[in-house]
Number of protein chains: 2
Amino acid sequence: MISRSMTTITAPIRNGIDTAQVYGTLDALKDQPDLARFEFRVSNRWIDGPHSRSTVQGFWGAGQEDSSRETPFELDVSEPPLLFGHNEAPNPAEFLLHALAGCLTLTIVNVAAARKVTLTEVSSTLEGIMDARGATGLDDSYRNGFEEIRVSFSIKGDASPEKLQEIVERAKARSVVYDILANPVRVDVRAEVG
Amino acid sequence: MISRSMTTITAPIRNGIDTAQVYGTLDALKDQPDLARFEFRVSNRWIDGPHSRSTVQGFWGAGQEDSSRETPFELDVSEPPLLFGHNEAPNPAEFLLHALAGCLTLTIVNVAAARKVTLTEVSSTLEGIMDARGATGLDDSYRNGFEEIRVSFSIKGDASPEKLQEIVERAKARSVVYDILANPVRVDVRAEVG
């Protein structure tokens, strides 16, 4: 019981994050940088119209193939009737906003845990704005994708407003998905046909 | 019955896409370009650790608020144990790959329908590669996000290999999510704190 109390004092679970595990992982990455390579994967299969289904299970990380998911996740994606689907699932643009929301939120939670801030609320609304004249090919002066993404967080915790704002800024500077959207990524598309 | 047959001949449902609806939509956008503005939205709420949940329902498009979804979609996102979660759902990077898979696939299907090509298979595998020394802040010579995304399609349909490859190229040139990943997007992040 004493040792458990001591552990709790030196490296608690904060915001649901086991900070001892986080620091252990950072130390391991410093010692063995080749553990830092991650490869995430999705397999997708078309169903009908704009409706397709992805399977998510394994990934490469920390020097090995991860086998923690006994059963795969299945994710559908489609479009509403206005965009020629039947609302079988959210559409790709909405999944992209969901990815950004999830990534910024968990990065805020991790940063707060590292800075010994206990959060009681992190909620957000995201908007992605586009002009369909781009993707439809009607007017090339518009891009295909979002012109802008707007993210509004509401955050509560046991720290000053200044410290909470700093946590948001740090999370923005470290978020995987924020970086992928804000900056260009090389996307290599190949097809085996026939 | 005769008029239905005629409609079927001139503008069939191909690949699950109602091509008459597609051409009608394009004509409407040409006449009233302000219908082309779309605003997609996600609301997200943190649950615990890296686990959060998004709600997806309404969006703005074609000059009005869409109300076709009677009940909202709910999407969880988390991390595997290696990244301090409990596999409650796929992680943000995997949702991003799912968004890209769904978007490229439905764009291929739409382009093929417009070009009178009937597809029998569109399947894909996607890989996103990153070095966690970036996002962890251990080494700023690595970016936070994916260094590269690799997409491999397998496509079958009633057209020549050359035509199927052209369809893939055209889809890449018109995909909403491909553009968002390959090119920078302005992402405005604000927080109300305390």
# chains A, B, ... in the order shown; residues from 1 in each chain; ligands from 1
>>> residues_around(residues="stretch 188-192 of chain A", least_positions_apart="5", cutoff="9 Å", atoms="only C-alpha atoms", output="compact mmCIF listing (two decimals) with N, CA, C and O atoms, in the first residue's frame")
# COMPACT_ATOMS: atom_id res chain seq x y z
N SER B 124 -8.75 -1.10 -51.73
CA SER B 124 -7.52 -0.34 -51.53
C SER B 124 -6.90 -0.65 -50.17
O SER B 124 -7.60 -1.06 -49.23
N GLU B 148 4.61 10.39 -45.33
CA GLU B 148 4.09 9.94 -46.62
C GLU B 148 2.87 9.08 -46.39
O GLU B 148 2.77 8.38 -45.37
N ILE B 149 1.93 9.15 -47.33
CA ILE B 149 0.79 8.23 -47.36
C ILE B 149 0.87 7.45 -48.67
O ILE B 149 1.04 8.05 -49.74
N ARG B 150 0.76 6.12 -48.57
CA ARG B 150 0.80 5.26 -49.76
C ARG B 150 -0.57 4.62 -49.95
O ARG B 150 -1.09 4.00 -49.03
N VAL B 151 -1.10 4.76 -51.14
CA VAL B 151 -2.42 4.22 -51.45
C VAL B 151 -2.28 3.25 -52.62
O VAL B 151 -1.74 3.63 -53.67
N SER B 152 -2.75 2.01 -52.44
CA SER B 152 -2.72 1.02 -53.53
C SER B 152 -4.14 0.55 -53.82
O SER B 152 -4.78 -0.05 -52.95
N PHE B 153 -4.61 0.83 -55.03
CA PHE B 153 -5.95 0.40 -55.43
C PHE B 153 -5.90 -0.87 -56.27
O PHE B 153 -4.92 -1.09 -57.01
N SER B 154 -6.94 -1.66 -56.17
CA SER B 154 -7.18 -2.74 -57.13
C SER B 154 -8.57 -2.47 -57.71
O SER B 154 -9.57 -2.39 -56.97
N ILE B 155 -8.63 -2.30 -59.03
CA ILE B 155 -9.87 -1.85 -59.68
C ILE B 155 -10.18 -2.75 -60.87
O ILE B 155 -9.31 -3.04 -61.69
N LYS B 156 -11.45 -3.17 -60.91
CA LYS B 156 -11.90 -3.99 -62.05
C LYS B 156 -13.18 -3.39 -62.62
O LYS B 156 -14.04 -2.91 -61.86
N PRO B 161 -7.50 -1.25 -69.41
CA PRO B 161 -6.61 -0.81 -68.32
C PRO B 161 -6.26 0.67 -68.42
O PRO B 161 -6.22 1.36 -67.39
N LEU B 164 -9.18 2.71 -67.16
CA LEU B 164 -9.31 2.60 -65.70
C LEU B 164 -8.22 3.43 -65.00
O LEU B 164 -8.49 4.10 -63.99
N GLN B 165 -7.01 3.43 -65.56
CA GLN B 165 -5.95 4.26 -64.98
C GLN B 165 -6.30 5.75 -65.11
O GLN B 165 -6.05 6.54 -64.19
N VAL B 168 -8.64 6.73 -62.38
CA VAL B 168 -7.93 6.93 -61.10
C VAL B 168 -7.24 8.29 -61.09
O VAL B 168 -7.32 9.03 -60.09
N GLU B 169 -6.59 8.65 -62.19
CA GLU B 169 -5.89 9.94 -62.25
C GLU B 169 -6.87 11.10 -62.11
O GLU B 169 -6.60 12.08 -61.42
N LYS B 172 -8.03 11.36 -58.51
CA LYS B 172 -6.99 11.98 -57.68
C LYS B 172 -7.00 13.50 -57.88
O LYS B 172 -6.83 14.27 -56.93
>>> atom_distance(atom1="atom CA of B:Gly49", atom2="atom CA of A:Ser123")
13.6 Å
>>> select_by_dssp(residues="chain A", states="strand (DSSP E or B)", output="VMD selection string")
chain A and resid 13 to 14 17 to 18 37 to 48 51 to 56 60 to 61 64 to 65 73 to 77 119 to 131 148 to 157 186 to 193
>>> residues_around(residues="B:Glu70", least_positions_apart="2", cutoff="12 Å", atoms="only C-alpha atoms", output="list in words")
Pro80 and Asn87 of chain A; Val56, Gln57, Gly58, Asp66, Ser67, Ser68, Pro72 and Phe73 of chain B
>>> write_last_selection(atoms="N, CA, C and O atoms", output="PDB file, in the first residue's frame")
ATOM      1  N   PRO A  80     -24.704  11.783 -47.981  1.00  0.00           N
ATOM      2  CA  PRO A  80     -26.154  12.019 -47.896  1.00  0.00           C
ATOM      3  C   PRO A  80     -26.757  12.057 -49.308  1.00  0.00           C
ATOM      4  O   PRO A  80     -26.026  12.143 -50.294  1.00  0.00           O
ATOM      5  N   ASN A  87     -26.920   8.142 -46.868  1.00  0.00           N
ATOM      6  CA  ASN A  87     -26.638   8.340 -45.435  1.00  0.00           C
ATOM      7  C   ASN A  87     -26.313   7.039 -44.713  1.00  0.00           C
ATOM      8  O   ASN A  87     -26.650   6.877 -43.535  1.00  0.00           O
TER       9      ASN A  87
ATOM     10  N   VAL B  56     -22.080  13.713 -35.520  1.00  0.00           N
ATOM     11  CA  VAL B  56     -22.170  14.238 -36.886  1.00  0.00           C
ATOM     12  C   VAL B  56     -23.631  14.186 -37.303  1.00  0.00           C
ATOM     13  O   VAL B  56     -24.246  13.117 -37.237  1.00  0.00           O
ATOM     14  N   GLN B  57     -24.194  15.311 -37.712  1.00  0.00           N
ATOM     15  CA  GLN B  57     -25.584  15.266 -38.169  1.00  0.00           C
ATOM     16  C   GLN B  57     -25.831  16.266 -39.293  1.00  0.00           C
ATOM     17  O   GLN B  57     -25.824  15.920 -40.450  1.00  0.00           O
ATOM     18  N   GLY B  58     -26.018  17.524 -38.980  1.00  0.00           N
ATOM     19  CA  GLY B  58     -26.373  18.493 -40.013  1.00  0.00           C
ATOM     20  C   GLY B  58     -25.174  19.020 -40.776  1.00  0.00           C
ATOM     21  O   GLY B  58     -24.030  18.899 -40.346  1.00  0.00           O
ATOM     22  N   ASP B  66     -29.027  20.931 -44.321  1.00  0.00           N
ATOM     23  CA  ASP B  66     -29.484  19.574 -44.635  1.00  0.00           C
ATOM     24  C   ASP B  66     -30.156  18.947 -43.420  1.00  0.00           C
ATOM     25  O   ASP B  66     -29.638  19.033 -42.304  1.00  0.00           O
ATOM     26  N   SER B  67     -31.300  18.311 -43.635  1.00  0.00           N
ATOM     27  CA  SER B  67     -32.001  17.669 -42.520  1.00  0.00           C
ATOM     28  C   SER B  67     -32.287  16.203 -42.832  1.00  0.00           C
ATOM     29  O   SER B  67     -33.231  15.625 -42.319  1.00  0.00           O
ATOM     30  N   SER B  68     -31.461  15.608 -43.690  1.00  0.00           N
ATOM     31  CA  SER B  68     -31.741  14.232 -44.123  1.00  0.00           C
ATOM     32  C   SER B  68     -31.388  13.183 -43.068  1.00  0.00           C
ATOM     33  O   SER B  68     -31.811  12.041 -43.171  1.00  0.00           O
ATOM     34  N   PRO B  72     -28.318  11.456 -35.245  1.00  0.00           N
ATOM     35  CA  PRO B  72     -26.909  11.757 -35.498  1.00  0.00           C
ATOM     36  C   PRO B  72     -26.052  10.492 -35.572  1.00  0.00           C
ATOM     37  O   PRO B  72     -26.375   9.477 -34.973  1.00  0.00           O
ATOM     38  N   PHE B  73     -24.967  10.583 -36.312  1.00  0.00           N
ATOM     39  CA  PHE B  73     -23.923   9.556 -36.248  1.00  0.00           C
ATOM     40  C   PHE B  73     -23.052   9.842 -35.041  1.00  0.00           C
ATOM     41  O   PHE B  73     -22.720  11.000 -34.761  1.00  0.00           O
TER      42      PHE B  73
END
>>> atom_distance(atom1="atom CA of A:Thr107", atom2="atom CA of B:Val177")
22.6 Å
>>> closest_residue(among="A:Val185, A:Leu26, A:Leu138, A:Ala173", to="A:Leu104", atoms="only C-alpha atoms")
A:Ala173
>>> residues_around(residues="B:Glu65", least_positions_apart="6", cutoff="10 Å", atoms="only C-alpha atoms", output="list in words")
Phe38, Glu39, Gly58 and Phe59 of chain B
>>> select_by_dssp(residues="stretch 15-177 of chain A", states="alpha helix (DSSP H)", output="PyMOL selection string")
chain A and resi 19-31+92-114+161-174+176-177
>>> atom_distance(atom1="atom CA of A:Ala62", atom2="atom CA of B:Glu147")
16.9 Å
>>> residues_around(residues="B:Leu35", least_positions_apart="5", cutoff="7 Å", atoms="only C-alpha atoms", output="mmCIF file with all heavy atoms, in the first residue's frame")
data_model
loop_
_atom_site.group_PDB
_atom_site.id
_atom_site.type_symbol
_atom_site.label_atom_id
_atom_site.label_comp_id
_atom_site.auth_asym_id
_atom_site.auth_seq_id
_atom_site.Cartn_x
_atom_site.Cartn_y
_atom_site.Cartn_z
ATOM 1 N N LEU B 29 -25.716 23.933 -60.220
ATOM 2 C CA LEU B 29 -24.548 24.686 -59.745
ATOM 3 C C LEU B 29 -24.085 25.706 -60.784
ATOM 4 O O LEU B 29 -23.620 26.788 -60.436
ATOM 5 C CB LEU B 29 -23.383 23.741 -59.417
ATOM 6 C CG LEU B 29 -23.502 22.899 -58.153
ATOM 7 C CD1 LEU B 29 -22.236 22.062 -57.968
ATOM 8 C CD2 LEU B 29 -23.710 23.792 -56.919
ATOM 9 N N GLY B 61 -25.491 22.906 -47.296
ATOM 10 C CA GLY B 61 -25.122 22.606 -48.672
ATOM 11 C C GLY B 61 -26.286 22.881 -49.596
ATOM 12 O O GLY B 61 -27.455 22.755 -49.195
ATOM 13 N N ALA B 62 -25.995 23.286 -50.825
ATOM 14 C CA ALA B 62 -27.020 23.567 -51.829
ATOM 15 C C ALA B 62 -28.014 24.612 -51.329
ATOM 16 O O ALA B 62 -29.212 24.520 -51.591
ATOM 17 C CB ALA B 62 -27.725 22.273 -52.254
ATOM 18 N N GLY B 63 -27.501 25.583 -50.594
ATOM 19 C CA GLY B 63 -28.326 26.726 -50.196
ATOM 20 C C GLY B 63 -29.221 26.505 -49.004
ATOM 21 O O GLY B 63 -30.086 27.345 -48.720
#
>>> residues_around(residues="B:Tyr142", least_positions_apart="4", cutoff="10 Å", atoms="only C-alpha atoms", output="PyMOL selection string")
chain B and resi 130-138+146-147
>>> closest_residue(among="A:Ile17, A:Ala28, A:Ala112, A:Leu82", to="chain B", atoms="only C-alpha atoms")
A:Ile17
>>> closest_residue(among="A:Asp34, A:Gly16, A:Tyr23, A:Asn110", to="chain B", atoms="only C-alpha atoms")
A:Gly16
>>> residues_around(residues="stretch 179-181 of chain B", least_positions_apart="3", cutoff="9 Å", atoms="only C-alpha atoms", output="JSON, numbers by chain")
{"A": [143, 144, 145, 146, 147, 180, 181, 182, 183, 184, 185, 186, 187], "B": [100, 172, 173, 174, 175, 176, 184, 185]}
>>> write_last_selection(atoms="N, CA, C and O atoms", output="mmCIF file, in the first residue's frame")
data_model
loop_
_atom_site.group_PDB
_atom_site.id
_atom_site.type_symbol
_atom_site.label_atom_id
_atom_site.label_comp_id
_atom_site.auth_asym_id
_atom_site.auth_seq_id
_atom_site.Cartn_x
_atom_site.Cartn_y
_atom_site.Cartn_z
ATOM 1 N N ARG A 143 -10.473 25.433 -54.989
ATOM 2 C CA ARG A 143 -9.796 24.167 -54.739
ATOM 3 C C ARG A 143 -10.827 23.065 -54.508
ATOM 4 O O ARG A 143 -12.005 23.333 -54.253
ATOM 5 N N ASN A 144 -10.374 21.810 -54.558
ATOM 6 C CA ASN A 144 -11.300 20.692 -54.326
ATOM 7 C C ASN A 144 -11.718 20.591 -52.862
ATOM 8 O O ASN A 144 -12.842 20.233 -52.558
ATOM 9 N N GLY A 145 -10.771 20.840 -51.977
ATOM 10 C CA GLY A 145 -11.003 20.558 -50.559
ATOM 11 C C GLY A 145 -11.437 21.772 -49.769
ATOM 12 O O GLY A 145 -11.890 22.778 -50.330
ATOM 13 N N PHE A 146 -11.288 21.673 -48.446
ATOM 14 C CA PHE A 146 -11.693 22.761 -47.569
ATOM 15 C C PHE A 146 -10.838 24.007 -47.816
ATOM 16 O O PHE A 146 -9.611 23.934 -47.863
ATOM 17 N N GLU A 147 -11.505 25.159 -47.926
ATOM 18 C CA GLU A 147 -10.803 26.445 -47.940
ATOM 19 C C GLU A 147 -10.251 26.748 -46.549
ATOM 20 O O GLU A 147 -9.209 27.354 -46.390
ATOM 21 N N ILE A 180 -0.777 17.318 -40.513
ATOM 22 C CA ILE A 180 -1.094 16.708 -41.812
ATOM 23 C C ILE A 180 -2.031 17.602 -42.628
ATOM 24 O O ILE A 180 -1.920 17.689 -43.851
ATOM 25 N N LEU A 181 -2.957 18.292 -41.947
ATOM 26 C CA LEU A 181 -3.907 19.155 -42.663
ATOM 27 C C LEU A 181 -3.292 20.511 -42.986
ATOM 28 O O LEU A 181 -3.470 21.037 -44.084
ATOM 29 N N ALA A 182 -2.561 21.083 -42.043
ATOM 30 C CA ALA A 182 -2.041 22.449 -42.225
ATOM 31 C C ALA A 182 -0.871 22.492 -43.197
ATOM 32 O O ALA A 182 -0.604 23.537 -43.798
ATOM 33 N N ASN A 183 -0.172 21.359 -43.353
ATOM 34 C CA ASN A 183 1.025 21.317 -44.197
ATOM 35 C C ASN A 183 0.886 20.203 -45.230
ATOM 36 O O ASN A 183 0.186 19.223 -45.006
ATOM 37 N N PRO A 184 1.570 20.339 -46.360
ATOM 38 C CA PRO A 184 1.420 19.313 -47.408
ATOM 39 C C PRO A 184 2.014 17.965 -47.021
ATOM 40 O O PRO A 184 3.025 17.907 -46.327
ATOM 41 N N VAL A 185 1.369 16.899 -47.463
ATOM 42 C CA VAL A 185 1.867 15.529 -47.272
ATOM 43 C C VAL A 185 1.982 14.884 -48.657
ATOM 44 O O VAL A 185 1.118 15.087 -49.514
ATOM 45 N N ARG A 186 3.053 14.133 -48.876
ATOM 46 C CA ARG A 186 3.188 13.388 -50.127
ATOM 47 C C ARG A 186 2.216 12.215 -50.086
ATOM 48 O O ARG A 186 2.253 11.393 -49.158
ATOM 49 N N VAL A 187 1.329 12.151 -51.066
ATOM 50 C CA VAL A 187 0.355 11.055 -51.151
ATOM 51 C C VAL A 187 0.592 10.328 -52.465
ATOM 52 O O VAL A 187 0.387 10.885 -53.544
ATOM 53 N N LEU B 100 -9.546 9.366 -46.419
ATOM 54 C CA LEU B 100 -8.918 9.398 -47.749
ATOM 55 C C LEU B 100 -9.386 8.218 -48.592
ATOM 56 O O LEU B 100 -9.712 8.377 -49.780
ATOM 57 N N LYS B 172 -8.028 11.360 -58.506
ATOM 58 C CA LYS B 172 -6.988 11.983 -57.682
ATOM 59 C C LYS B 172 -6.999 13.505 -57.881
ATOM 60 O O LYS B 172 -6.830 14.271 -56.930
ATOM 61 N N ALA B 173 -7.234 13.919 -59.109
ATOM 62 C CA ALA B 173 -7.242 15.353 -59.418
ATOM 63 C C ALA B 173 -8.494 16.062 -58.912
ATOM 64 O O ALA B 173 -8.540 17.298 -58.904
ATOM 65 N N ARG B 174 -9.527 15.304 -58.495
ATOM 66 C CA ARG B 174 -10.789 15.911 -58.057
ATOM 67 C C ARG B 174 -11.191 15.536 -56.639
ATOM 68 O O ARG B 174 -12.221 15.995 -56.158
ATOM 69 N N SER B 175 -10.416 14.723 -55.954
ATOM 70 C CA SER B 175 -10.812 14.266 -54.621
ATOM 71 C C SER B 175 -10.670 15.375 -53.584
ATOM 72 O O SER B 175 -9.623 16.021 -53.468
ATOM 73 N N VAL B 176 -11.720 15.569 -52.825
ATOM 74 C CA VAL B 176 -11.736 16.580 -51.754
ATOM 75 C C VAL B 176 -10.657 16.275 -50.708
ATOM 76 O O VAL B 176 -9.859 17.147 -50.346
ATOM 77 N N PRO B 184 -1.720 22.496 -48.323
ATOM 78 C CA PRO B 184 -2.009 23.081 -47.001
ATOM 79 C C PRO B 184 -3.426 23.634 -46.897
ATOM 80 O O PRO B 184 -3.980 24.137 -47.866
ATOM 81 N N VAL B 185 -4.003 23.515 -45.716
ATOM 82 C CA VAL B 185 -5.317 24.077 -45.402
ATOM 83 C C VAL B 185 -5.146 25.009 -44.196
ATOM 84 O O VAL B 185 -4.412 24.685 -43.264
#
